[in-house]
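Undergrad: File follows, run_37.csv with CSV, C-alpha atoms and all ligand atoms:
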```
chain,number,residue,atom,x,y,z
A,760,GLY,CA,4.0,-1.0,-29.3
A,761,MET,CA,2.2,-4.3,-28.8
A,762,PRO,CA,-1.5,-4.5,-29.7
A,763,VAL,CA,-3.5,-4.1,-26.5
A,764,THR,CA,-6.3,-6.6,-25.9
A,765,PRO,CA,-9.1,-4.9,-24.0
A,766,PRO,CA,-9.7,-6.6,-20.6
A,767,PRO,CA,-12.8,-8.8,-20.4
A,768,VAL,CA,-16.0,-7.3,-19.0
A,769,LEU,CA,-19.1,-9.0,-17.7
A,770,ALA,CA,-21.7,-7.6,-20.1
A,771,PRO,CA,-21.9,-5.0,-22.9
A,772,ARG,CA,-23.0,-1.6,-21.6
A,773,ARG,CA,-26.7,-0.9,-21.9
A,774,PRO,CA,-27.3,1.3,-24.9
A,775,THR,CA,-28.5,4.8,-23.8
A,776,ARG,CA,-28.7,8.2,-25.2
A,777,ARG,CA,-25.8,10.4,-24.4
A,778,ILE,CA,-25.8,13.6,-22.4
A,779,ASN,CA,-23.0,16.0,-21.5
A,780,VAL,CA,-22.2,17.2,-18.1
A,781,GLY,CA,-19.9,20.0,-19.2
A,782,LYS,CA,-16.9,18.3,-20.7
A,783,VAL,CA,-17.8,14.8,-19.4
A,784,ALA,CA,-20.1,12.7,-21.6
A,785,VAL,CA,-22.5,10.4,-19.8
A,786,GLY,CA,-24.2,7.4,-21.4
A,787,GLY,CA,-24.0,6.4,-25.1
A,788,GLY,CA,-20.9,4.3,-24.5
A,789,ALA,CA,-18.9,7.0,-22.7
A,790,PRO,CA,-16.7,5.6,-19.9
A,791,VAL,CA,-18.6,5.3,-16.6
A,792,SER,CA,-17.7,8.4,-14.6
A,793,VAL,CA,-17.2,8.8,-10.9
A,794,GLN,CA,-18.9,11.6,-9.0
A,795,SER,CA,-18.9,13.0,-5.5
A,796,MET,CA,-20.4,15.9,-3.6
A,797,THR,CA,-18.7,18.6,-1.5
A,798,THR,CA,-19.3,18.7,2.2
A,799,THR,CA,-18.1,22.3,2.7
A,800,LYS,CA,-20.5,25.2,3.0
A,801,THR,CA,-20.9,26.2,-0.6
A,802,THR,CA,-20.7,29.8,0.4
A,803,ASP,CA,-17.2,29.1,1.8
A,804,ILE,CA,-15.7,29.5,-1.7
A,805,ASN,CA,-12.1,28.8,-0.8
A,806,ALA,CA,-12.9,25.6,1.2
A,807,THR,CA,-15.2,24.4,-1.5
A,808,LEU,CA,-12.7,25.0,-4.3
A,809,GLN,CA,-10.0,23.3,-2.1
A,810,GLN,CA,-12.2,20.2,-1.7
A,811,ILE,CA,-13.0,20.2,-5.4
A,812,ALA,CA,-9.2,20.3,-6.1
A,813,GLU,CA,-8.6,17.3,-3.8
A,814,LEU,CA,-11.4,15.4,-5.5
A,815,THR,CA,-10.0,16.2,-8.9
A,816,ALA,CA,-6.6,15.1,-7.9
A,817,THR,CA,-8.1,11.8,-6.6
A,818,GLY,CA,-9.7,11.2,-10.0
A,819,CYS,CA,-13.2,12.5,-9.5
A,820,ASP,CA,-14.9,13.3,-12.9
A,821,ILE,CA,-17.9,15.4,-11.8
A,822,VAL,CA,-18.6,17.2,-8.6
A,823,ARG,CA,-21.9,18.3,-7.1
A,824,VAL,CA,-22.5,21.1,-4.7
A,825,ALA,CA,-25.5,21.8,-2.4
A,826,VAL,CA,-27.5,25.0,-3.0
A,827,PRO,CA,-29.7,25.4,0.1
A,828,SER,CA,-29.9,29.2,0.1
A,829,GLN,CA,-29.7,32.3,-2.1
A,830,ASP,CA,-26.2,32.9,-0.6
A,831,ASP,CA,-25.1,29.6,-2.1
A,832,ALA,CA,-26.7,30.4,-5.4
A,833,ASP,CA,-24.9,33.7,-5.4
A,834,VAL,CA,-21.4,32.1,-5.3
A,835,LEU,CA,-22.1,29.3,-7.9
A,836,HIS,CA,-20.7,31.3,-10.8
A,837,ILE,CA,-17.3,31.5,-9.1
A,838,ILE,CA,-17.2,27.8,-8.2
A,839,ALA,CA,-18.4,26.8,-11.6
A,840,LYS,CA,-15.7,28.9,-13.2
A,841,LYS,CA,-12.8,27.9,-11.0
A,842,SER,CA,-13.5,24.2,-10.7
A,843,GLN,CA,-11.3,22.0,-12.9
A,844,ILE,CA,-14.2,19.5,-13.3
A,845,PRO,CA,-17.8,20.0,-14.2
A,846,VAL,CA,-20.0,21.3,-11.3
A,847,ILE,CA,-23.6,20.1,-10.8
A,848,ALA,CA,-25.9,22.3,-8.6
A,849,ASP,CA,-28.0,20.2,-6.3
A,850,ILE,CA,-31.4,21.8,-5.9
A,851,HIS,CA,-34.3,20.9,-3.6
A,852,PHE,CA,-37.4,22.9,-2.7
A,853,GLN,CA,-36.7,26.2,-4.6
A,854,PRO,CA,-37.1,26.2,-8.4
A,855,LYS,CA,-35.6,29.7,-8.5
A,856,TYR,CA,-32.2,28.2,-7.6
A,857,VAL,CA,-32.4,26.0,-10.7
A,858,PHE,CA,-32.5,29.1,-12.8
A,859,ALA,CA,-29.8,30.8,-10.8
A,860,ALA,CA,-27.5,27.7,-11.2
A,861,ILE,CA,-28.1,27.7,-15.0
A,862,ASP,CA,-27.3,31.4,-15.1
A,863,ALA,CA,-24.2,30.8,-13.0
A,864,GLY,CA,-22.7,28.5,-15.7
A,865,CYS,CA,-23.1,25.2,-13.8
A,866,ALA,CA,-22.6,22.1,-16.1
A,867,ALA,CA,-25.8,20.5,-15.0
A,868,VAL,CA,-28.5,20.8,-12.4
A,869,ARG,CA,-29.9,18.0,-10.2
A,870,VAL,CA,-33.6,18.4,-9.4
A,871,ASN,CA,-35.6,16.4,-7.0
A,872,PRO,CA,-39.1,16.7,-8.2
A,873,GLY,CA,-40.5,15.2,-5.0
A,874,ASN,CA,-39.2,18.1,-3.1
A,875,ILE,CA,-40.3,20.9,-5.5
A,876,LYS,CA,-43.9,22.1,-4.9
A,877,GLN,CA,-46.0,22.3,-8.0
A,878,PHE,CA,-43.1,20.7,-9.9
A,879,ASP,CA,-45.4,19.8,-12.8
A,880,ASP,CA,-46.1,23.5,-13.5
A,881,LYS,CA,-42.5,24.4,-13.4
A,882,VAL,CA,-41.2,21.7,-15.8
A,883,GLY,CA,-41.7,23.8,-18.9
A,884,GLU,CA,-39.7,26.7,-17.6
A,885,ILE,CA,-36.9,24.5,-16.3
A,886,ALA,CA,-36.7,22.6,-19.6
A,887,ARG,CA,-36.6,25.8,-21.6
A,888,ALA,CA,-33.9,27.4,-19.4
A,889,ALA,CA,-31.7,24.2,-19.6
A,890,ALA,CA,-32.2,23.9,-23.3
A,891,ASP,CA,-31.3,27.5,-23.9
A,892,ALA,CA,-28.1,27.2,-21.8
A,893,GLY,CA,-27.3,23.8,-23.5
A,894,ILE,CA,-26.9,22.0,-20.1
A,895,SER,CA,-28.3,18.7,-18.9
A,896,LEU,CA,-30.3,17.8,-15.8
A,897,ARG,CA,-30.5,14.9,-13.4
A,898,ILE,CA,-33.9,13.8,-12.3
A,899,GLY,CA,-32.9,12.6,-8.8
A,900,VAL,CA,-35.6,10.6,-7.1
A,901,ASN,CA,-35.0,9.6,-3.5
A,902,ALA,CA,-36.9,7.1,-1.3
A,903,GLY,CA,-37.0,9.7,1.5
A,904,SER,CA,-38.6,12.4,-0.6
A,905,LEU,CA,-40.9,10.5,-3.0
A,906,ASP,CA,-43.9,12.3,-4.6
A,907,LYS,CA,-46.8,12.0,-2.2
A,908,ARG,CA,-49.2,10.7,-4.9
A,909,ILE,CA,-46.9,7.9,-5.9
A,910,LEU,CA,-46.1,7.0,-2.3
A,911,ALA,CA,-49.8,6.7,-1.5
A,912,LYS,CA,-50.4,4.6,-4.6
A,913,HIS,CA,-47.6,2.1,-3.8
A,914,GLY,CA,-47.9,2.2,0.0
A,915,GLY,CA,-44.2,3.1,0.4
A,916,PRO,CA,-41.0,3.8,-1.4
A,917,THR,CA,-40.9,0.5,-3.3
A,918,ALA,CA,-38.7,-0.2,-6.4
A,919,GLU,CA,-41.9,0.2,-8.5
A,920,ALA,CA,-42.7,3.5,-6.8
A,921,LEU,CA,-39.2,4.9,-7.4
A,922,ALA,CA,-39.1,3.9,-11.1
A,923,GLU,CA,-42.7,5.1,-11.7
A,924,SER,CA,-41.9,8.5,-10.1
A,925,ALA,CA,-38.8,9.0,-12.2
A,926,LEU,CA,-40.5,7.9,-15.4
A,927,TRP,CA,-43.5,10.2,-14.7
A,928,GLU,CA,-41.1,13.1,-14.2
A,929,ALA,CA,-39.2,12.2,-17.4
A,930,SER,CA,-42.5,12.2,-19.3
A,931,LEU,CA,-43.2,15.7,-18.1
A,932,PHE,CA,-39.9,16.9,-19.6
A,933,GLU,CA,-40.5,15.0,-22.8
A,934,GLU,CA,-43.8,16.8,-23.2
A,935,HIS,CA,-41.8,20.0,-23.4
A,936,GLY,CA,-39.4,18.4,-25.9
A,937,PHE,CA,-36.5,18.1,-23.4
A,938,GLY,CA,-34.5,14.8,-23.1
A,939,ASP,CA,-31.0,15.9,-21.9
A,940,PHE,CA,-31.1,14.3,-18.5
A,941,LYS,CA,-30.0,11.3,-16.6
A,942,ILE,CA,-32.0,9.6,-13.9
A,943,SER,CA,-31.3,8.3,-10.4
A,944,VAL,CA,-33.6,6.4,-8.1
A,945,LYS,CA,-31.8,6.1,-4.8
A,946,HIS,CA,-32.8,3.9,-1.8
A,947,ASN,CA,-30.7,2.9,1.2
A,948,ASP,CA,-31.5,-0.8,0.6
A,949,PRO,CA,-29.3,-2.2,-2.1
A,950,ILE,CA,-31.9,-4.7,-3.2
A,951,VAL,CA,-34.7,-2.2,-3.6
A,952,MET,CA,-32.2,0.1,-5.4
A,953,VAL,CA,-31.1,-2.7,-7.8
A,954,ASN,CA,-34.7,-3.5,-8.6
A,955,ALA,CA,-35.6,0.1,-9.2
A,956,TYR,CA,-32.7,0.6,-11.6
A,957,ARG,CA,-33.5,-2.6,-13.4
A,958,GLN,CA,-37.0,-1.4,-14.0
A,959,LEU,CA,-35.8,1.9,-15.2
A,960,ALA,CA,-33.3,0.3,-17.5
A,961,ALA,CA,-36.0,-1.8,-19.1
A,962,GLN,CA,-38.3,1.1,-19.6
A,963,CYS,CA,-36.2,4.0,-20.9
A,964,ASP,CA,-33.0,4.8,-22.7
A,965,TYR,CA,-31.8,7.6,-20.4
A,966,PRO,CA,-28.4,7.4,-18.9
A,967,LEU,CA,-28.5,6.2,-15.2
A,968,HIS,CA,-26.7,7.7,-12.3
A,969,LEU,CA,-26.2,5.0,-9.7
A,970,GLY,CA,-26.4,5.6,-6.0
A,971,VAL,CA,-27.2,3.9,-2.7
A,972,THR,CA,-28.4,6.7,-0.5
A,973,GLU,CA,-27.5,7.0,3.1
A,974,ALA,CA,-25.3,4.0,2.7
A,975,GLY,CA,-23.6,4.7,6.1
A,976,PRO,CA,-20.1,5.0,7.4
A,977,ALA,CA,-17.2,4.0,5.2
A,978,PHE,CA,-17.1,0.2,5.9
A,979,GLN,CA,-20.8,-0.5,5.6
A,980,GLY,CA,-21.3,2.1,2.8
A,981,THR,CA,-18.5,0.7,0.8
A,982,ILE,CA,-20.0,-2.8,0.9
A,983,LYS,CA,-23.5,-1.7,0.2
A,984,SER,CA,-22.5,0.4,-2.8
A,985,SER,CA,-20.0,-2.2,-4.1
A,986,VAL,CA,-22.6,-4.9,-4.0
A,987,ALA,CA,-25.4,-2.8,-5.6
A,988,PHE,CA,-23.2,-1.2,-8.2
A,989,GLY,CA,-21.5,-4.5,-8.9
A,990,ILE,CA,-24.8,-6.2,-9.7
A,991,LEU,CA,-26.0,-3.4,-12.0
A,992,LEU,CA,-22.7,-2.7,-13.7
A,993,ALA,CA,-22.3,-6.4,-14.3
A,994,GLU,CA,-25.6,-6.3,-16.2
A,995,GLY,CA,-24.4,-3.3,-18.2
A,996,ILE,CA,-26.6,-0.9,-16.2
A,997,GLY,CA,-25.1,2.4,-15.0
A,998,ASP,CA,-23.4,5.3,-16.7
A,999,THR,CA,-22.1,7.4,-13.8
A,1000,ILE,CA,-21.8,6.5,-10.1
A,1001,ARG,CA,-21.7,8.2,-6.8
A,1002,VAL,CA,-20.7,6.2,-3.6
A,1003,SER,CA,-22.3,7.9,-0.6
A,1004,LEU,CA,-20.3,7.6,2.6
A,1005,SER,CA,-20.5,9.3,5.9
A,1006,ALA,CA,-16.8,10.0,5.3
A,1007,PRO,CA,-14.7,12.6,3.5
A,1008,PRO,CA,-15.7,12.7,-0.2
A,1009,VAL,CA,-12.2,11.7,-1.5
A,1010,GLU,CA,-13.0,8.3,0.1
A,1011,GLU,CA,-16.1,8.1,-2.0
A,1012,VAL,CA,-14.1,8.7,-5.1
A,1013,LYS,CA,-11.5,6.1,-4.2
A,1014,VAL,CA,-14.2,3.5,-3.6
A,1015,GLY,CA,-16.0,4.4,-6.9
A,1016,GLN,CA,-12.8,4.1,-8.9
A,1017,LYS,CA,-11.9,0.7,-7.3
A,1018,ILE,CA,-15.4,-0.6,-8.1
A,1019,LEU,CA,-15.0,0.4,-11.8
A,1020,GLU,CA,-11.5,-1.0,-11.8
A,1021,ALA,CA,-12.6,-4.4,-10.3
A,1022,LEU,CA,-15.2,-4.7,-13.2
A,1023,ASN,CA,-12.6,-3.7,-15.8
A,1024,LEU,CA,-14.7,-0.6,-16.6
A,1025,ARG,CA,-11.7,1.6,-15.8
A,1026,GLN,CA,-8.0,0.9,-16.3
A,1027,ARG,CA,-6.6,-0.7,-13.2
A,1028,GLN,CA,-4.2,1.5,-11.3
A,1029,MET,CA,-1.6,0.0,-9.1
A,1030,GLU,CA,-2.9,-3.2,-7.6
A,1031,ILE,CA,-1.4,-5.2,-4.7
A,1032,VAL,CA,-2.1,-8.9,-5.0
A,1033,SER,CA,-1.4,-10.2,-1.5
A,1034,CYS,CA,-2.3,-13.5,0.1
A,1035,PRO,CA,-4.2,-13.5,3.3
A,1036,GLY,CA,-1.5,-15.5,5.1
A,1037,CYS,CA,-2.1,-18.9,6.7
A,1038,GLY,CA,-0.4,-21.4,8.9
A,1039,ARG,CA,2.2,-21.9,6.2
A,1040,ALA,CA,3.4,-18.3,6.0
A,1041,GLN,CA,6.9,-17.8,7.2
A,1042,VAL,CA,6.7,-14.0,7.2
A,1043,ASP,CA,4.4,-11.3,8.7
A,1044,ILE,CA,2.4,-11.1,5.5
A,1045,TRP,CA,-0.1,-8.5,6.7
A,1046,GLY,CA,2.7,-6.2,7.8
A,1047,LEU,CA,4.5,-6.8,4.5
A,1048,ALA,CA,1.4,-6.0,2.3
A,1049,ASN,CA,0.7,-2.9,4.4
A,1050,ASP,CA,4.2,-1.6,4.3
A,1051,VAL,CA,4.4,-2.1,0.5
A,1052,THR,CA,1.0,-0.4,0.0
A,1053,ASP,CA,2.1,2.5,2.2
A,1054,GLY,CA,5.5,2.8,0.5
A,1055,LEU,CA,3.9,3.0,-3.0
A,1056,GLU,CA,1.1,5.5,-2.1
A,1057,GLY,CA,0.7,8.0,-4.9
A,1058,LEU,CA,2.2,5.7,-7.5
A,1059,THR,CA,-0.4,5.5,-10.3
A,1060,ALA,CA,1.3,3.3,-12.9
A,1061,PRO,CA,-0.9,0.3,-13.6
A,1062,LEU,CA,1.5,-2.1,-11.9
A,1063,ARG,CA,0.4,-5.4,-10.5
A,1064,ILE,CA,2.5,-6.3,-7.5
A,1065,ALA,CA,2.3,-9.7,-5.8
A,1066,VAL,CA,3.1,-10.1,-2.1
A,1067,MET,CA,3.0,-13.8,-1.2
A,1068,GLY,CA,3.7,-15.5,2.0
A,1069,CYS,CA,5.2,-18.8,1.0
A,1070,VAL,CA,6.1,-21.0,-1.9
A,1071,VAL,CA,2.7,-22.7,-2.4
A,1072,ASN,CA,1.2,-20.0,-4.6
A,1073,GLY,CA,3.9,-17.5,-4.3
A,1074,PRO,CA,6.0,-18.1,-7.3
A,1075,GLY,CA,2.9,-18.7,-9.5
A,1076,GLU,CA,1.3,-15.4,-8.5
A,1077,ALA,CA,4.5,-13.5,-8.6
A,1078,ARG,CA,5.1,-14.7,-12.1
A,1079,GLU,CA,1.7,-13.4,-13.3
A,1080,ALA,CA,2.5,-10.0,-11.8
A,1081,ASP,CA,4.7,-7.2,-13.0
A,1082,LEU,CA,6.7,-7.4,-9.8
A,1083,GLY,CA,6.4,-9.7,-6.8
A,1084,VAL,CA,7.9,-11.4,-3.9
A,1085,ALA,CA,7.5,-15.0,-2.7
A,1086,ALA,CA,8.7,-14.9,0.9
A,1087,GLY,CA,9.8,-17.7,3.1
A,1088,ASN,CA,12.7,-18.9,5.3
A,1089,GLY,CA,13.8,-15.5,6.2
A,1090,LYS,CA,14.2,-14.3,2.7
A,1091,GLY,CA,12.2,-13.2,-0.3
A,1092,GLN,CA,12.6,-14.1,-4.0
A,1093,ILE,CA,11.9,-11.0,-6.0
A,1094,PHE,CA,10.3,-11.6,-9.4
A,1095,ILE,CA,9.9,-9.2,-12.3
A,1096,ARG,CA,7.5,-10.4,-15.0
A,1097,GLY,CA,8.2,-14.0,-14.2
A,1098,GLU,CA,12.0,-13.8,-13.7
A,1099,VAL,CA,13.6,-14.1,-10.3
A,1100,ILE,CA,15.9,-11.1,-10.3
A,1101,LYS,CA,17.3,-11.5,-6.9
A,1102,THR,CA,16.8,-13.0,-3.4
A,1103,VAL,CA,17.0,-10.6,-0.5
A,1104,PRO,CA,16.9,-11.0,3.3
A,1105,GLU,CA,13.4,-10.5,4.8
A,1106,SER,CA,14.4,-7.1,6.2
A,1107,GLU,CA,15.1,-5.8,2.7
A,1108,ILE,CA,11.9,-7.1,1.0
A,1109,VAL,CA,9.9,-3.9,1.4
A,1110,ALA,CA,12.6,-1.5,0.3
A,1111,THR,CA,13.5,-3.7,-2.7
A,1112,LEU,CA,9.9,-3.9,-3.9
A,1113,ILE,CA,9.5,-0.1,-3.5
A,1114,GLU,CA,12.7,0.6,-5.4
A,1115,GLU,CA,11.8,-1.9,-8.2
A,1116,ALA,CA,8.2,-0.6,-8.5
A,1117,ASN,CA,9.4,2.9,-8.9
A,1118,LYS,CA,11.9,1.8,-11.6
A,1119,LEU,CA,9.1,0.0,-13.5
A,1120,ALA,CA,6.8,3.0,-13.2
A,1121,ALA,CA,9.4,5.3,-14.5
A,1122,GLU,CA,10.0,2.9,-17.5
A,1123,MET,CA,6.3,2.8,-18.2
A,1124,GLU,CA,6.2,6.6,-18.3
A,1125,HIS,CA,8.9,6.6,-21.0
A,1126,THR,CA,7.2,4.1,-23.3
B,1201,LIG,FE1,-0.7,-19.4,3.0
B,1201,LIG,FE2,1.3,-19.4,1.3
B,1201,LIG,FE3,-1.2,-19.1,0.3
B,1201,LIG,FE4,0.0,-17.1,1.6
B,1201,LIG,S1,0.7,-18.0,-0.3
B,1201,LIG,S2,-2.1,-17.9,2.0
B,1201,LIG,S3,1.2,-18.2,3.1
B,1201,LIG,S4,-0.3,-20.9,1.3
```
Turn this file's structure into structure tokens for me.
Ligand code: SF4

TA:
Amino acid sequence: GMPVTPPPVLAPRRPTRRINVGKVAVGGGAPVSVQSMTTTKTTDINATLQQIAELTATGCDIVRVAVPSQDDADVLHIIAKKSQIPVIADIHFQPKYVFAAIDAGCAAVRVNPGNIKQFDDKVGEIARAAADAGISLRIGVNAGSLDKRILAKHGGPTAEALAESALWEASLFEEHGFGDFKISVKHNDPIVMVNAYRQLAAQCDYPLHLGVTEAGPAFQGTIKSSVAFGILLAEGIGDTIRVSLSAPPVEEVKVGQKILEALNLRQRQMEIVSCPGCGRAQVDIWGLANDVTDGLEGLTAPLRIAVMGCVVNGPGEAREADLGVAAGNGKGQIFIRGEVIKTVPESEIVATLIEEANKLAAEMEHT
């Protein structure tokens, strides 16, 4: 086939060491991965595995499950074994669950040192268990559960406090010869979060897991995460991402993927290029764009489909796209890669675009 020019990116990725979360490499030039976390009770094995299957089908690379009790720890081996994607156990408070998760075959363990009493004394044992099992860790610092000493020193969960806390905990692992971890420093304010990650990026070479914590319901959380991740990823910072939404986790994965696609850090899936409509539009452009989007749901071929409301930008955009329509005057000119293939009445625009998109997608699969 034709040589493929890689799409432009805003910055080279920050060089980091590479760790493995099961079969998924993180850092060291590996593609930025998308994570989410189950919302089911971990002890409800079927519901948890069902949600993991949905996340996997949506394109999630890594999944995290909560381990708040011994009952949760007891089922981890089944979930780790049956999940199609690597499972990270999320541990707060109880170091014994860290060891249980490692024994259960989890791909990695997230520890929040601020929430583990006498964490400093436990580090050696945790490092040894992880090293023996060949798994990685995440040092996950959160504004809401920052180490008391550091909180007191900085007078609050500032960017400096978050970065200092994470680097202190990293140094404890280093003292025990362990370096297979990534770091997160989450805050609900995107600006504090961005500053904390910038400081970390300047001071260590560990891969970074990006997250804006408690980002809120879908609309607000999507914007907060998109802005914060966009700034950092545009500077080459960030190796794996988790969008936190007060919404079903598949929504987090969809947003995460679109952020990476928008930055050319992941191959773009199907993309609808539609105009906002204005006083010149001669069709119901919102309805048209929505109907085409709905009609093509589930189609993953990387097609660019232009839906344009009039002849001002319509033919130009439609020419740049794989498939497009420039609507107006009760009809639509249908373009395929720059050529007008036909003109159809307005009522047939949606059906025609869907039919042609499916044909193009099928052709792509066969080449
Ligand atoms: Fe308005 Fe036409 Fe531009 Fe759509 S393509 S926003 S209808 S000028």

Undergrad: Can you pull out the residues contacting Thr1059 (chain A)? Cut-off 9 Å, using only C-alpha atoms, and skip same-chain residues under 2 positions away; I want them as a list in words.

TA: Gln1028, Met1029, Leu1055, Glu1056, Gly1057, Pro1061, Leu1062 and Ala1120 of chain A

Undergrad: Mind writing the picked residues with C-alpha atoms as a PDB file, keeping the file's coordinate frame?

TA:
```
ATOM      1  CA  GLN A1028      -4.200   1.500 -11.300  1.00  0.00           C
ATOM      2  CA  MET A1029      -1.600   0.000  -9.100  1.00  0.00           C
ATOM      3  CA  LEU A1055       3.900   3.000  -3.000  1.00  0.00           C
ATOM      4  CA  GLU A1056       1.100   5.500  -2.100  1.00  0.00           C
ATOM      5  CA  GLY A1057       0.700   8.000  -4.900  1.00  0.00           C
ATOM      6  CA  PRO A1061      -0.900   0.300 -13.600  1.00  0.00           C
ATOM      7  CA  LEU A1062       1.500  -2.100 -11.900  1.00  0.00           C
ATOM      8  CA  ALA A1120       6.800   3.000 -13.200  1.00  0.00           C
TER       9      ALA A1120
END
```

Undergrad: Extract, using only C-alpha atoms, all DNA, RNA and protein residues at most 9 Å from Ile821 (chain A), discarding same-chain residues fewer than 5 positions from it, and format them as a ChimeraX atom specification.

TA: /A:780-781,783,792-796,815,844-847

Undergrad: Please provide the set of residues having any atom within 12 Å of Arg887 (chain A), restricted to only C-alpha atoms, with same-chain residues fewer than 6 positions apart removed, written as a list in words.

TA: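 Near Arg887 (chain A), the qualifying residues are Val857, Phe858, Ile861, Lys881, Gly893, Ile894, Ser895, Leu896, Phe932, Glu933, Glu934, His935, Gly936, Phe937, Gly938 and Asp939 of chain A.
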
Undergrad: To check your reading of the model: which residues sit at most 7 Å from ligand LIG 1201 (chain B) when counting all atoms listed in the file? Write the answer as a count of residues only.

TA: 14

Undergrad: Could you list as a PyMOL selection string every residue that has an atom within 9 Å of (-11.4, -8.1, -19.8), using the file's coordinates and counting only C-alpha atoms?

TA: chain A and resi 764-769+1022-1024

Undergrad: Go ahead and dump the residues you just picked, C-alpha atoms, as a CSV table (one decimal), in the coordinates of the input.

TA:
```
chain,number,residue,atom,x,y,z
A,764,THR,CA,-6.3,-6.6,-25.9
A,765,PRO,CA,-9.1,-4.9,-24.0
A,766,PRO,CA,-9.7,-6.6,-20.6
A,767,PRO,CA,-12.8,-8.8,-20.4
A,768,VAL,CA,-16.0,-7.3,-19.0
A,769,LEU,CA,-19.1,-9.0,-17.7
A,1022,LEU,CA,-15.2,-4.7,-13.2
A,1023,ASN,CA,-12.6,-3.7,-15.8
A,1024,LEU,CA,-14.7,-0.6,-16.6
```
